[in-house]
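First comes the structure, then the notes that go with it.
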Amino acid sequence: LATDYLAIPVIKGEKTPGERFPGAVDTYCIEAMMQDGKALQAGTSHFLGQNFSNAYQIKFLDNQQQMAHAYTTSWGVSTRLIGALILVHSDDDGLVLPPSIAPQQVVFIPMIMNENDRETILDYCQNLAQELRQQNYQGESVRVLVDQTEQRAGVKFWQAVKKGIPIRIEIGSREINSGLFPVSFRHKAAKEKMQMSRADIIANIVSLLKDSHDALFQ
(Lines give C-alpha, C1' and ligand atoms only; values in the text may rest on other atoms or scores of the structure.)
Protein backbone atom coordinates (compact mmCIF):
# COMPACT_ATOMS: atom_id res chain seq x y z
CA LEU A 1 0.00 0.00 0.00
CA ALA A 2 2.59 2.59 1.07
CA THR A 3 4.92 1.86 -1.83
CA ASP A 4 2.53 1.00 -4.67
CA TYR A 5 -0.21 3.53 -3.96
CA LEU A 6 1.08 6.25 -1.65
CA ALA A 7 4.64 6.47 -3.05
CA ILE A 8 6.04 6.46 0.49
CA PRO A 9 9.26 4.50 1.16
CA VAL A 10 8.97 2.68 4.48
CA ILE A 11 10.96 0.40 6.73
CA LYS A 12 8.79 -2.48 7.90
CA GLY A 13 9.38 -4.76 10.83
CA GLU A 14 8.23 -6.24 14.13
CA LYS A 15 8.12 -4.27 17.35
CA THR A 16 10.15 -5.46 20.32
CA PRO A 17 8.16 -6.90 23.27
CA GLY A 18 8.55 -3.60 25.14
CA GLU A 19 7.13 -1.60 22.21
CA ARG A 20 4.17 -3.82 21.40
CA PHE A 21 0.59 -2.67 21.61
CA PRO A 22 -0.55 -3.52 25.18
CA GLY A 23 -2.15 -6.97 25.15
CA ALA A 24 -0.87 -7.88 21.69
CA VAL A 25 1.01 -11.08 20.94
CA ASP A 26 2.84 -9.46 18.00
CA THR A 27 2.95 -5.92 16.61
CA TYR A 28 4.16 -5.10 13.08
CA CYS A 29 4.71 -1.60 11.78
CA ILE A 30 5.91 0.57 8.94
CA GLU A 31 8.16 3.56 9.65
CA ALA A 32 8.38 6.45 7.20
CA MET A 33 10.68 9.46 7.04
CA MET A 34 9.05 12.90 6.92
CA GLN A 35 10.48 15.92 5.07
CA ASP A 36 11.78 17.42 8.32
CA GLY A 37 13.87 14.32 9.03
CA LYS A 38 11.58 12.89 11.68
CA ALA A 39 10.41 9.28 11.52
CA LEU A 40 6.71 8.50 11.78
CA GLN A 41 5.17 5.17 12.71
CA ALA A 42 2.84 5.43 9.75
CA GLY A 43 0.92 2.20 10.25
CA THR A 44 0.65 -0.78 12.58
CA SER A 45 -1.03 -4.17 12.71
CA HIS A 46 -1.43 -6.18 15.90
CA PHE A 47 -2.07 -9.87 16.41
CA LEU A 48 -4.04 -9.99 19.63
CA GLY A 49 -4.30 -13.76 19.94
CA GLN A 50 -7.19 -14.63 22.28
CA ASN A 51 -6.32 -12.00 24.88
CA PHE A 52 -9.07 -9.55 23.98
CA SER A 53 -11.65 -12.18 23.08
CA ASN A 54 -11.17 -13.71 26.52
CA ALA A 55 -11.64 -10.33 28.17
CA TYR A 56 -14.71 -9.38 26.11
CA GLN A 57 -16.11 -12.89 25.57
CA ILE A 58 -15.89 -12.80 21.77
CA LYS A 59 -16.72 -16.34 20.70
CA PHE A 60 -17.54 -18.34 17.59
CA LEU A 61 -18.70 -21.84 16.74
CA ASP A 62 -15.68 -23.79 15.45
CA ASN A 63 -15.69 -26.71 12.98
CA GLN A 64 -16.08 -29.15 15.88
CA GLN A 65 -19.28 -27.30 16.76
CA GLN A 66 -17.67 -26.06 19.97
CA MET A 67 -17.71 -22.46 21.22
CA ALA A 68 -14.20 -21.01 21.11
CA HIS A 69 -12.66 -17.62 21.77
CA ALA A 70 -11.75 -15.79 18.58
CA TYR A 71 -8.24 -14.92 17.48
CA THR A 72 -8.39 -11.20 16.70
CA THR A 73 -6.32 -8.49 15.06
CA SER A 74 -6.21 -4.71 15.25
CA TRP A 75 -5.05 -2.34 12.53
CA GLY A 76 -3.79 1.23 12.75
CA VAL A 77 -3.61 2.51 9.18
CA SER A 78 -5.95 5.48 9.11
CA THR A 79 -5.34 9.11 10.11
CA ARG A 80 -1.64 8.51 10.75
CA LEU A 81 -1.16 7.29 7.20
CA ILE A 82 -3.07 10.27 5.82
CA GLY A 83 -0.83 12.52 7.88
CA ALA A 84 2.23 10.73 6.54
CA LEU A 85 0.99 11.20 2.97
CA ILE A 86 0.68 14.96 3.51
CA LEU A 87 3.96 15.30 5.40
CA VAL A 88 6.00 13.28 2.90
CA HIS A 89 4.79 14.80 -0.38
CA SER A 90 3.11 18.17 0.07
CA ASP A 91 4.72 21.61 -0.16
CA ASP A 92 4.06 25.31 0.44
CA ASP A 93 1.68 25.42 -2.55
CA GLY A 94 -0.67 22.81 -1.05
CA LEU A 95 -1.47 19.14 -1.30
CA VAL A 96 0.52 16.72 -3.47
CA LEU A 97 -1.16 13.41 -4.28
CA PRO A 98 0.25 10.29 -5.95
CA PRO A 99 -1.81 9.39 -9.05
CA SER A 100 -3.08 6.13 -7.55
CA ILE A 101 -5.17 7.86 -4.89
CA ALA A 102 -5.82 11.25 -6.49
CA PRO A 103 -9.60 11.70 -6.98
CA GLN A 104 -8.75 13.36 -10.30
CA GLN A 105 -5.50 12.36 -12.01
CA VAL A 106 -5.68 14.85 -14.89
CA VAL A 107 -7.37 18.24 -15.05
CA PHE A 108 -8.07 20.22 -18.21
CA ILE A 109 -7.98 23.98 -17.69
CA PRO A 110 -9.94 25.73 -20.46
CA MET A 111 -8.28 29.01 -21.46
CA ILE A 112 -11.29 31.03 -22.60
CA MET A 113 -10.26 34.55 -23.66
CA ASN A 114 -13.27 35.12 -25.92
CA GLU A 115 -16.78 33.99 -25.02
CA ASN A 116 -17.38 33.08 -28.67
CA ASP A 117 -14.76 30.36 -28.29
CA ARG A 118 -16.20 28.84 -25.10
CA GLU A 119 -18.25 26.05 -26.68
CA THR A 120 -15.47 25.04 -29.09
CA ILE A 121 -12.86 24.88 -26.32
CA LEU A 122 -15.08 22.98 -23.88
CA ASP A 123 -16.11 20.49 -26.56
CA TYR A 124 -12.45 19.92 -27.39
CA CYS A 125 -11.65 19.36 -23.71
CA GLN A 126 -14.50 16.90 -23.28
CA ASN A 127 -13.55 14.92 -26.39
CA LEU A 128 -9.91 14.66 -25.34
CA ALA A 129 -10.93 13.81 -21.77
CA GLN A 130 -13.06 10.96 -23.06
CA GLU A 131 -10.11 9.57 -25.00
CA LEU A 132 -7.94 9.68 -21.90
CA ARG A 133 -10.62 7.91 -19.85
CA GLN A 134 -10.27 4.97 -22.20
CA GLN A 135 -6.68 4.53 -20.98
CA ASN A 136 -6.03 2.23 -18.03
CA TYR A 137 -3.81 3.07 -15.05
CA GLN A 138 -3.40 0.49 -12.27
CA GLY A 139 -6.49 -1.41 -13.36
CA GLU A 140 -8.83 1.61 -13.59
CA SER A 141 -9.78 4.20 -16.18
CA VAL A 142 -7.76 7.40 -16.01
CA ARG A 143 -9.71 9.93 -13.93
CA VAL A 144 -10.07 13.24 -15.81
CA LEU A 145 -11.70 16.51 -14.76
CA VAL A 146 -12.66 19.32 -17.13
CA ASP A 147 -12.83 22.46 -14.99
CA GLN A 148 -15.92 24.23 -16.31
CA THR A 149 -16.30 26.65 -13.42
CA GLU A 150 -16.72 30.35 -14.19
CA GLN A 151 -13.43 31.34 -12.56
CA ARG A 152 -10.48 32.76 -14.45
CA ALA A 153 -7.98 30.29 -15.90
CA GLY A 154 -5.26 31.41 -13.49
CA VAL A 155 -7.50 30.72 -10.50
CA LYS A 156 -8.38 27.28 -11.89
CA PHE A 157 -4.70 26.55 -12.38
CA TRP A 158 -3.77 27.33 -8.78
CA GLN A 159 -6.78 25.51 -7.36
CA ALA A 160 -5.63 22.40 -9.22
CA VAL A 161 -2.18 22.89 -7.69
CA LYS A 162 -3.60 23.23 -4.17
CA LYS A 163 -5.71 20.10 -4.61
CA GLY A 164 -2.67 18.09 -5.65
CA ILE A 165 -3.98 16.95 -9.05
CA PRO A 166 -0.98 15.17 -10.64
CA ILE A 167 -1.28 16.50 -14.23
CA ARG A 168 -2.63 19.83 -15.50
CA ILE A 169 -3.28 20.51 -19.19
CA GLU A 170 -4.17 23.96 -20.54
CA ILE A 171 -6.40 24.18 -23.62
CA GLY A 172 -7.39 27.35 -25.44
CA SER A 173 -7.94 28.50 -29.00
CA ARG A 174 -4.23 29.14 -29.53
CA GLU A 175 -3.34 25.66 -28.30
CA ILE A 176 -6.02 24.01 -30.43
CA ASN A 177 -4.82 25.85 -33.53
CA SER A 178 -1.15 25.08 -32.92
CA GLY A 179 -1.78 21.49 -31.87
CA LEU A 180 0.52 21.88 -28.85
CA PHE A 181 -0.69 21.99 -25.25
CA PRO A 182 1.14 23.10 -22.07
CA VAL A 183 1.33 20.19 -19.63
CA SER A 184 2.49 20.67 -16.03
CA PHE A 185 3.01 18.25 -13.18
CA ARG A 186 2.27 18.64 -9.48
CA HIS A 187 5.54 17.03 -8.42
CA LYS A 188 7.49 19.70 -10.31
CA ALA A 189 7.66 23.49 -9.99
CA ALA A 190 4.20 24.98 -10.56
CA LYS A 191 5.17 27.06 -13.58
CA GLU A 192 7.36 24.41 -15.22
CA LYS A 193 5.58 23.19 -18.37
CA MET A 194 6.23 21.00 -21.38
CA GLN A 195 4.53 21.23 -24.78
CA MET A 196 2.80 18.08 -26.01
CA SER A 197 0.65 17.25 -29.01
CA ARG A 198 -2.77 15.70 -28.61
CA ALA A 199 -1.50 12.38 -29.97
CA ASP A 200 1.42 12.36 -27.53
CA ILE A 201 -0.84 13.14 -24.58
CA ILE A 202 -3.11 10.21 -25.43
CA ALA A 203 -0.24 7.84 -26.12
CA ASN A 204 1.76 8.76 -23.02
CA ILE A 205 -0.76 9.66 -20.30
CA VAL A 206 -0.33 6.35 -18.47
CA SER A 207 3.48 6.56 -18.52
CA LEU A 208 3.27 10.19 -17.35
CA LEU A 209 1.19 9.12 -14.34
CA LYS A 210 3.66 6.34 -13.60
CA ASP A 211 6.57 8.79 -13.89
CA SER A 212 4.80 11.07 -11.41
CA HIS A 213 4.45 8.23 -8.91
CA ASP A 214 8.08 7.18 -9.35
CA ALA A 215 9.31 10.75 -8.91
CA LEU A 216 7.38 11.14 -5.67
CA PHE A 217 8.68 7.80 -4.39
CA GLN A 218 12.28 8.70 -5.22
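In the C-alpha coordinates, each chain is lettered A, B, ... as it comes, each chain's residues begin at 1, and ligands are numbered from 1 in order of appearance.
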Pull the closest atom pair for each residue of stretch 108-179 of chain A that gets at most 10 Å from stretch 99-102 of chain A, along with the distance in Å to one decimal, counting only C-alpha atoms, ordering rows by chain and then ascending residue number, as CSV.
residue,atom,partner,partner_atom,distance
A:Tyr137,CA,A:Ser100,CA,8.1
A:Gln138,CA,A:Ser100,CA,7.4
A:Glu140,CA,A:Ser100,CA,9.5
A:Val142,CA,A:Pro99,CA,9.4
A:Arg143,CA,A:Ala102,CA,8.5
A:Lys163,CA,A:Ala102,CA,9.0
A:Gly164,CA,A:Ala102,CA,7.6
A:Ile165,CA,A:Ala102,CA,6.5
A:Pro166,CA,A:Pro99,CA,6.1
A:Ile167,CA,A:Pro99,CA,8.8
Enumerate as a ChimeraX atom specification all residues of stretch 21-218 of chain A assigned to strand (DSSP E or B) by DSSP on the backbone, naming them with the chain letters and numbers the document uses. /A:26-33,39-49,59-61,67-69,72-76,91,94,106-111,136-137,140-141,144-146,167-172,180-185,193-197
Between atom CA of A:Lys188 and atom CA of A:Gly37 - distance in Å to one decimal: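 Atom-to-atom, atom CA of A:Gly37 to atom CA of A:Lys188, that is 21.1 Å.
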Computed gap from atom CA of A:Ala153 to atom CA of A:Leu208 is 23.1 Å
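You can rank A:Val88, A:Ile121, A:Cys29, A:Ala68 by their closest distance to A:Gln218 using only C-alpha atoms, and at the top of that list sits A:Val88.
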Could you check which of A:Ile109, A:Ala7, A:Ala215, A:Val155 is closest to A:Arg168, using only C-alpha atoms?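 For A:Arg168, the nearest of the candidates is A:Ile109.
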Measuring atom to atom with only C-alpha atoms, identify which of A:Ile112, A:Val96, A:Met196, A:Val183 is nearest to A:Val161.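 Result for the nearest residue to A:Val161: A:Val96.
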All residues 10 Å or closer to A:Ile86, only C-alpha atoms, same chain fewer than 6 positions away omitted, as a PyMOL selection string: chain A and resi 34-35+80+94-97
For A:Ser45, list every protein, DNA or RNA residue within 10 Å, evaluated using only C-alpha atoms, and leave out those in the same chain fewer than 4 positions away; present the list as a PyMOL selection string. chain A and resi 14+21+24+26-30+73-77
Next, the residues of the selection above should be written as a tab-separated table (two decimals), in the first residue's frame with N, CA, C and O atoms.
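Result file follows (out.tsv):
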chain	number	residue	atom	x	y	z
A	14	GLU	N	8.99	-5.83	12.95
A	14	GLU	CA	8.23	-6.24	14.13
A	14	GLU	C	8.72	-5.45	15.33
A	14	GLU	O	9.92	-5.25	15.53
A	21	PHE	N	1.89	-3.14	21.15
A	21	PHE	CA	0.59	-2.67	21.61
A	21	PHE	C	0.21	-3.47	22.86
A	21	PHE	O	0.34	-4.70	22.88
A	24	ALA	N	-1.10	-7.21	22.97
A	24	ALA	CA	-0.87	-7.88	21.69
A	24	ALA	C	0.15	-9.00	21.84
A	24	ALA	O	1.04	-8.94	22.69
A	26	ASP	N	1.83	-9.99	18.92
A	26	ASP	CA	2.84	-9.46	18.00
A	26	ASP	C	2.35	-8.12	17.47
A	26	ASP	O	1.14	-7.93	17.25
A	27	THR	N	3.28	-7.20	17.24
A	27	THR	CA	2.95	-5.92	16.61
A	27	THR	C	3.91	-5.69	15.45
A	27	THR	O	5.13	-5.78	15.62
A	28	TYR	N	3.36	-5.38	14.28
A	28	TYR	CA	4.16	-5.10	13.08
A	28	TYR	C	3.89	-3.65	12.67
A	28	TYR	O	2.78	-3.13	12.84
A	29	CYS	N	4.90	-3.01	12.10
A	29	CYS	CA	4.71	-1.60	11.78
A	29	CYS	C	5.49	-1.21	10.53
A	29	CYS	O	6.37	-1.95	10.07
A	30	ILE	N	5.13	-0.06	10.00
A	30	ILE	CA	5.91	0.57	8.94
A	30	ILE	C	6.33	1.95	9.45
A	30	ILE	O	5.54	2.69	10.02
A	73	THR	N	-7.38	-9.41	15.48
A	73	THR	CA	-6.32	-8.49	15.06
A	73	THR	C	-6.80	-7.06	15.22
A	73	THR	O	-8.00	-6.79	15.35
A	74	SER	N	-5.89	-6.13	15.20
A	74	SER	CA	-6.21	-4.71	15.25
A	74	SER	C	-5.28	-3.99	14.28
A	74	SER	O	-4.09	-4.33	14.20
A	75	TRP	N	-5.84	-3.01	13.57
A	75	TRP	CA	-5.05	-2.34	12.53
A	75	TRP	C	-5.06	-0.83	12.76
A	75	TRP	O	-6.10	-0.23	13.04
A	76	GLY	N	-3.90	-0.23	12.63
A	76	GLY	CA	-3.79	1.23	12.75
A	76	GLY	C	-3.22	1.82	11.48
A	76	GLY	O	-2.03	2.13	11.41
A	77	VAL	N	-4.04	1.90	10.45
A	77	VAL	CA	-3.61	2.51	9.18
A	77	VAL	C	-4.72	3.45	8.72
A	77	VAL	O	-5.42	3.20	7.76
With only C-alpha atoms as the atoms that count, which of A:Gly172, A:Pro98, A:Pro103, A:Gly154 lies nearest to A:Cys125?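 Looking only at the distances to A:Cys125, the closest residue turns out to be A:Gly172.
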For a test of reading the model, state the distance in Å between atom CA of A:Tyr124 and atom CA of A:Phe108, rounded to one decimal.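 That distance, rounded to one decimal, is 10.2 Å.
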Choose the residue, out of A:Ile201, A:Ala2, A:Met113, A:Ala190, that has the smallest atom-to-atom separation from A:Asp93; count only C-alpha atoms. A:Ala190
Hey, what does DSSP flag as helix (DSSP H, G or I) within stretch 22-200 of chain A? Can you give it to me as an mmCIF file with N, CA, C and O atoms, in the first residue's frame?
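So result.cif came out as:
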data_model
loop_
_atom_site.group_PDB
_atom_site.id
_atom_site.type_symbol
_atom_site.label_atom_id
_atom_site.label_comp_id
_atom_site.auth_asym_id
_atom_site.auth_seq_id
_atom_site.Cartn_x
_atom_site.Cartn_y
_atom_site.Cartn_z
ATOM 1 N N ASN A 51 -6.329 -12.824 23.666
ATOM 2 C CA ASN A 51 -6.324 -12.005 24.878
ATOM 3 C C ASN A 51 -7.569 -11.134 25.004
ATOM 4 O O ASN A 51 -8.209 -11.075 26.060
ATOM 5 N N PHE A 52 -7.931 -10.453 23.910
ATOM 6 C CA PHE A 52 -9.075 -9.550 23.978
ATOM 7 C C PHE A 52 -10.396 -10.308 23.897
ATOM 8 O O PHE A 52 -11.387 -9.910 24.507
ATOM 9 N N SER A 53 -10.408 -11.405 23.156
ATOM 10 C CA SER A 53 -11.651 -12.177 23.078
ATOM 11 C C SER A 53 -11.969 -12.839 24.417
ATOM 12 O O SER A 53 -13.133 -13.014 24.772
ATOM 13 N N ASN A 54 -10.940 -13.188 25.174
ATOM 14 C CA ASN A 54 -11.172 -13.705 26.524
ATOM 15 C C ASN A 54 -11.750 -12.624 27.422
ATOM 16 O O ASN A 54 -12.677 -12.863 28.197
ATOM 17 N N ALA A 55 -11.185 -11.426 27.302
ATOM 18 C CA ALA A 55 -11.635 -10.328 28.168
ATOM 19 C C ALA A 55 -13.055 -9.886 27.837
ATOM 20 O O ALA A 55 -13.837 -9.543 28.736
ATOM 21 N N TYR A 56 -13.404 -9.902 26.530
ATOM 22 C CA TYR A 56 -14.714 -9.385 26.111
ATOM 23 C C TYR A 56 -15.679 -10.485 25.659
ATOM 24 O O TYR A 56 -16.746 -10.199 25.137
ATOM 25 N N THR A 79 -5.725 7.691 10.122
ATOM 26 C CA THR A 79 -5.341 9.106 10.107
ATOM 27 C C THR A 79 -3.828 9.295 10.109
ATOM 28 O O THR A 79 -3.316 10.250 9.524
ATOM 29 N N ARG A 80 -3.095 8.394 10.751
ATOM 30 C CA ARG A 80 -1.637 8.515 10.746
ATOM 31 C C ARG A 80 -1.078 8.406 9.336
ATOM 32 O O ARG A 80 -0.143 9.122 8.958
ATOM 33 N N LEU A 81 -1.643 7.491 8.563
ATOM 34 C CA LEU A 81 -1.155 7.285 7.202
ATOM 35 C C LEU A 81 -1.523 8.467 6.303
ATOM 36 O O LEU A 81 -0.760 8.845 5.411
ATOM 37 N N ILE A 82 -2.692 9.059 6.551
ATOM 38 C CA ILE A 82 -3.068 10.273 5.815
ATOM 39 C C ILE A 82 -2.110 11.405 6.172
ATOM 40 O O ILE A 82 -1.659 12.161 5.300
ATOM 41 N N GLY A 83 -1.801 11.514 7.456
ATOM 42 C CA GLY A 83 -0.831 12.524 7.879
ATOM 43 C C GLY A 83 0.514 12.306 7.236
ATOM 44 O O GLY A 83 1.176 13.261 6.791
ATOM 45 N N ALA A 84 0.953 11.044 7.179
ATOM 46 C CA ALA A 84 2.225 10.727 6.544
ATOM 47 C C ALA A 84 2.219 11.133 5.074
ATOM 48 O O ALA A 84 3.192 11.699 4.562
ATOM 49 N N LEU A 85 1.115 10.846 4.387
ATOM 50 C CA LEU A 85 0.986 11.200 2.969
ATOM 51 C C LEU A 85 1.191 12.695 2.767
ATOM 52 O O LEU A 85 1.916 13.129 1.857
ATOM 53 N N ILE A 86 0.560 13.500 3.618
ATOM 54 C CA ILE A 86 0.681 14.958 3.508
ATOM 55 C C ILE A 86 2.091 15.410 3.849
ATOM 56 O O ILE A 86 2.698 16.218 3.134
ATOM 57 N N LEU A 87 2.653 14.858 4.930
ATOM 58 C CA LEU A 87 3.963 15.301 5.400
ATOM 59 C C LEU A 87 5.097 14.887 4.467
ATOM 60 O O LEU A 87 6.104 15.592 4.361
ATOM 61 N N VAL A 88 4.945 13.761 3.788
ATOM 62 C CA VAL A 88 6.001 13.281 2.902
ATOM 63 C C VAL A 88 6.016 14.043 1.574
ATOM 64 O O VAL A 88 7.070 14.421 1.074
ATOM 65 N N HIS A 89 4.840 14.292 0.992
ATOM 66 C CA HIS A 89 4.794 14.799 -0.384
ATOM 67 C C HIS A 89 4.469 16.284 -0.531
ATOM 68 O O HIS A 89 4.938 16.916 -1.480
ATOM 69 N N GLU A 115 -15.585 34.787 -25.298
ATOM 70 C CA GLU A 115 -16.781 33.985 -25.025
ATOM 71 C C GLU A 115 -17.276 33.242 -26.263
ATOM 72 O O GLU A 115 -17.905 32.191 -26.153
ATOM 73 N N ASN A 116 -16.966 33.764 -27.445
ATOM 74 C CA ASN A 116 -17.380 33.084 -28.666
ATOM 75 C C ASN A 116 -16.665 31.750 -28.852
ATOM 76 O O ASN A 116 -17.123 30.888 -29.608
ATOM 77 N N ASP A 117 -15.543 31.601 -28.163
ATOM 78 C CA ASP A 117 -14.764 30.361 -28.292
ATOM 79 C C ASP A 117 -15.108 29.329 -27.214
ATOM 80 O O ASP A 117 -14.583 28.216 -27.243
ATOM 81 N N ARG A 118 -15.944 29.704 -26.255
ATOM 82 C CA ARG A 118 -16.201 28.841 -25.101
ATOM 83 C C ARG A 118 -16.657 27.440 -25.506
ATOM 84 O O ARG A 118 -16.096 26.426 -25.071
ATOM 85 N N GLU A 119 -17.688 27.357 -26.323
ATOM 86 C CA GLU A 119 -18.250 26.049 -26.676
ATOM 87 C C GLU A 119 -17.230 25.184 -27.412
ATOM 88 O O GLU A 119 -17.102 23.990 -27.129
ATOM 89 N N THR A 120 -16.477 25.800 -28.336
ATOM 90 C CA THR A 120 -15.470 25.044 -29.094
ATOM 91 C C THR A 120 -14.405 24.473 -28.165
ATOM 92 O O THR A 120 -14.025 23.289 -28.267
ATOM 93 N N ILE A 121 -13.916 25.315 -27.235
ATOM 94 C CA ILE A 121 -12.858 24.879 -26.322
ATOM 95 C C ILE A 121 -13.354 23.794 -25.374
ATOM 96 O O ILE A 121 -12.684 22.768 -25.168
ATOM 97 N N LEU A 122 -14.550 23.983 -24.817
ATOM 98 C CA LEU A 122 -15.084 22.985 -23.879
ATOM 99 C C LEU A 122 -15.365 21.657 -24.574
ATOM 100 O O LEU A 122 -15.113 20.583 -24.008
ATOM 101 N N ASP A 123 -15.871 21.728 -25.799
ATOM 102 C CA ASP A 123 -16.112 20.487 -26.563
ATOM 103 C C ASP A 123 -14.792 19.762 -26.822
ATOM 104 O O ASP A 123 -14.719 18.534 -26.723
ATOM 105 N N TYR A 124 -13.754 20.522 -27.143
ATOM 106 C CA TYR A 124 -12.447 19.915 -27.389
ATOM 107 C C TYR A 124 -11.938 19.240 -26.114
ATOM 108 O O TYR A 124 -11.433 18.105 -26.159
ATOM 109 N N CYS A 125 -12.079 19.929 -24.998
ATOM 110 C CA CYS A 125 -11.650 19.363 -23.708
ATOM 111 C C CYS A 125 -12.385 18.068 -23.400
ATOM 112 O O CYS A 125 -11.779 17.070 -22.997
ATOM 113 N N GLN A 126 -13.698 18.083 -23.595
ATOM 114 C CA GLN A 126 -14.503 16.898 -23.276
ATOM 115 C C GLN A 126 -14.133 15.719 -24.181
ATOM 116 O O GLN A 126 -14.064 14.574 -23.718
ATOM 117 N N ASN A 127 -13.907 16.004 -25.454
ATOM 118 C CA ASN A 127 -13.547 14.923 -26.391
ATOM 119 C C ASN A 127 -12.196 14.311 -26.034
ATOM 120 O O ASN A 127 -12.032 13.084 -26.040
ATOM 121 N N LEU A 128 -11.223 15.165 -25.707
ATOM 122 C CA LEU A 128 -9.906 14.655 -25.337
ATOM 123 C C LEU A 128 -9.980 13.927 -23.984
ATOM 124 O O LEU A 128 -9.341 12.888 -23.800
ATOM 125 N N ALA A 129 -10.767 14.465 -23.069
ATOM 126 C CA ALA A 129 -10.932 13.810 -21.767
ATOM 127 C C ALA A 129 -11.506 12.409 -21.939
ATOM 128 O O ALA A 129 -11.078 11.457 -21.268
ATOM 129 N N GLN A 130 -12.453 12.275 -22.835
ATOM 130 C CA GLN A 130 -13.064 10.962 -23.061
ATOM 131 C C GLN A 130 -12.047 9.976 -23.626
ATOM 132 O O GLN A 130 -12.061 8.788 -23.268
ATOM 133 N N GLU A 131 -11.157 10.458 -24.466
ATOM 134 C CA GLU A 131 -10.114 9.573 -24.995
ATOM 135 C C GLU A 131 -9.150 9.130 -23.903
ATOM 136 O O GLU A 131 -8.710 7.973 -23.867
ATOM 137 N N LEU A 132 -8.838 10.039 -22.993
ATOM 138 C CA LEU A 132 -7.940 9.677 -21.899
ATOM 139 C C LEU A 132 -8.599 8.688 -20.940
ATOM 140 O O LEU A 132 -7.930 7.812 -20.388
ATOM 141 N N ARG A 133 -9.904 8.830 -20.753
ATOM 142 C CA ARG A 133 -10.621 7.913 -19.851
ATOM 143 C C ARG A 133 -10.639 6.482 -20.375
ATOM 144 O O ARG A 133 -10.925 5.555 -19.624
ATOM 145 N N ALA A 153 -8.875 31.433 -15.685
ATOM 146 C CA ALA A 153 -7.984 30.290 -15.904
ATOM 147 C C ALA A 153 -6.870 30.233 -14.862
ATOM 148 O O ALA A 153 -6.508 29.153 -14.377
ATOM 149 N N GLY A 154 -6.335 31.390 -14.483
ATOM 150 C CA GLY A 154 -5.262 31.412 -13.494
ATOM 151 C C GLY A 154 -5.716 30.883 -12.144
ATOM 152 O O GLY A 154 -4.969 30.192 -11.451
ATOM 153 N N VAL A 155 -6.951 31.213 -11.772
ATOM 154 C CA VAL A 155 -7.503 30.719 -10.503
ATOM 155 C C VAL A 155 -7.695 29.204 -10.576
ATOM 156 O O VAL A 155 -7.364 28.479 -9.632
ATOM 157 N N LYS A 156 -8.207 28.726 -11.707
ATOM 158 C CA LYS A 156 -8.383 27.280 -11.887
ATOM 159 C C LYS A 156 -7.053 26.552 -11.785
ATOM 160 O O LYS A 156 -6.955 25.477 -11.189
ATOM 161 N N PHE A 157 -6.031 27.151 -12.383
ATOM 162 C CA PHE A 157 -4.700 26.547 -12.375
ATOM 163 C C PHE A 157 -4.220 26.357 -10.941
ATOM 164 O O PHE A 157 -3.790 25.264 -10.550
ATOM 165 N N TRP A 158 -4.303 27.410 -10.136
ATOM 166 C CA TRP A 158 -3.769 27.329 -8.777
ATOM 167 C C TRP A 158 -4.652 26.477 -7.868
ATOM 168 O O TRP A 158 -4.149 25.862 -6.915
ATOM 169 N N GLN A 159 -5.934 26.421 -8.139
ATOM 170 C CA GLN A 159 -6.777 25.514 -7.363
ATOM 171 C C GLN A 159 -6.395 24.063 -7.627
ATOM 172 O O GLN A 159 -6.386 23.239 -6.708
ATOM 173 N N ALA A 160 -6.077 23.755 -8.880
ATOM 174 C CA ALA A 160 -5.634 22.402 -9.216
ATOM 175 C C ALA A 160 -4.318 22.077 -8.521
ATOM 176 O O ALA A 160 -4.099 20.954 -8.073
ATOM 177 N N VAL A 161 -3.444 23.083 -8.414
ATOM 178 C CA VAL A 161 -2.184 22.894 -7.693
ATOM 179 C C VAL A 161 -2.463 22.592 -6.227
ATOM 180 O O VAL A 161 -1.937 21.632 -5.652
ATOM 181 N N LYS A 162 -3.305 23.399 -5.600
ATOM 182 C CA LYS A 162 -3.597 23.234 -4.172
ATOM 183 C C LYS A 162 -4.237 21.886 -3.868
ATOM 184 O O LYS A 162 -4.015 21.304 -2.808
ATOM 185 N N LYS A 163 -5.035 21.385 -4.805
ATOM 186 C CA LYS A 163 -5.712 20.099 -4.606
ATOM 187 C C LYS A 163 -4.804 18.906 -4.871
ATOM 188 O O LYS A 163 -5.190 17.766 -4.608
ATOM 189 N N SER A 173 -7.891 28.405 -27.534
ATOM 190 C CA SER A 173 -7.944 28.503 -29.003
ATOM 191 C C SER A 173 -6.550 28.441 -29.616
ATOM 192 O O SER A 173 -6.327 27.773 -30.630
ATOM 193 N N ARG A 174 -5.593 29.140 -29.005
ATOM 194 C CA ARG A 174 -4.227 29.139 -29.531
ATOM 195 C C ARG A 174 -3.638 27.738 -29.506
ATOM 196 O O ARG A 174 -2.988 27.310 -30.471
ATOM 197 N N GLU A 175 -3.881 27.015 -28.427
ATOM 198 C CA GLU A 175 -3.342 25.660 -28.301
ATOM 199 C C GLU A 175 -3.996 24.719 -29.310
ATOM 200 O O GLU A 175 -3.330 23.872 -29.928
ATOM 201 N N ILE A 176 -5.310 24.859 -29.476
ATOM 202 C CA ILE A 176 -6.018 24.010 -30.432
ATOM 203 C C ILE A 176 -5.495 24.253 -31.843
ATOM 204 O O ILE A 176 -5.270 23.316 -32.622
ATOM 205 N N ASN A 177 -5.291 25.518 -32.185
ATOM 206 C CA ASN A 177 -4.823 25.849 -33.534
ATOM 207 C C ASN A 177 -3.388 25.395 -33.771
ATOM 208 O O ASN A 177 -3.033 24.967 -34.880
ATOM 209 N N SER A 178 -2.555 25.476 -32.753
ATOM 210 C CA SER A 178 -1.151 25.084 -32.919
ATOM 211 C C SER A 178 -0.957 23.578 -32.785
ATOM 212 O O SER A 178 0.028 23.025 -33.282
ATOM 213 N N ARG A 198 -1.635 16.509 -29.036
ATOM 214 C CA ARG A 198 -2.774 15.700 -28.608
ATOM 215 C C ARG A 198 -2.440 14.203 -28.688
ATOM 216 O O ARG A 198 -2.729 13.453 -27.748
ATOM 217 N N ALA A 199 -1.829 13.796 -29.788
ATOM 218 C CA ALA A 199 -1.500 12.376 -29.970
ATOM 219 C C ALA A 199 -0.539 11.898 -28.895
ATOM 220 O O ALA A 199 -0.679 10.792 -28.365
ATOM 221 N N ASP A 200 0.445 12.746 -28.555
ATOM 222 C CA ASP A 200 1.419 12.359 -27.533
ATOM 223 C C ASP A 200 0.774 12.276 -26.153
ATOM 224 O O ASP A 200 1.135 11.412 -25.344
#
Compile the contact shell of A:Val10 as number ranges by chain: residues with an atom at most 10 Å away, counting only C-alpha atoms, same-chain residues fewer than 5 positions apart removed. A: 2-3, 29-33, 39-43
Using only C-alpha atoms, which of A:Gln50, A:Gln57, A:Asn136, A:Ser184 sits nearest A:Val107?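 Ranked by minimum distance to A:Val107, first place goes to A:Ser184.
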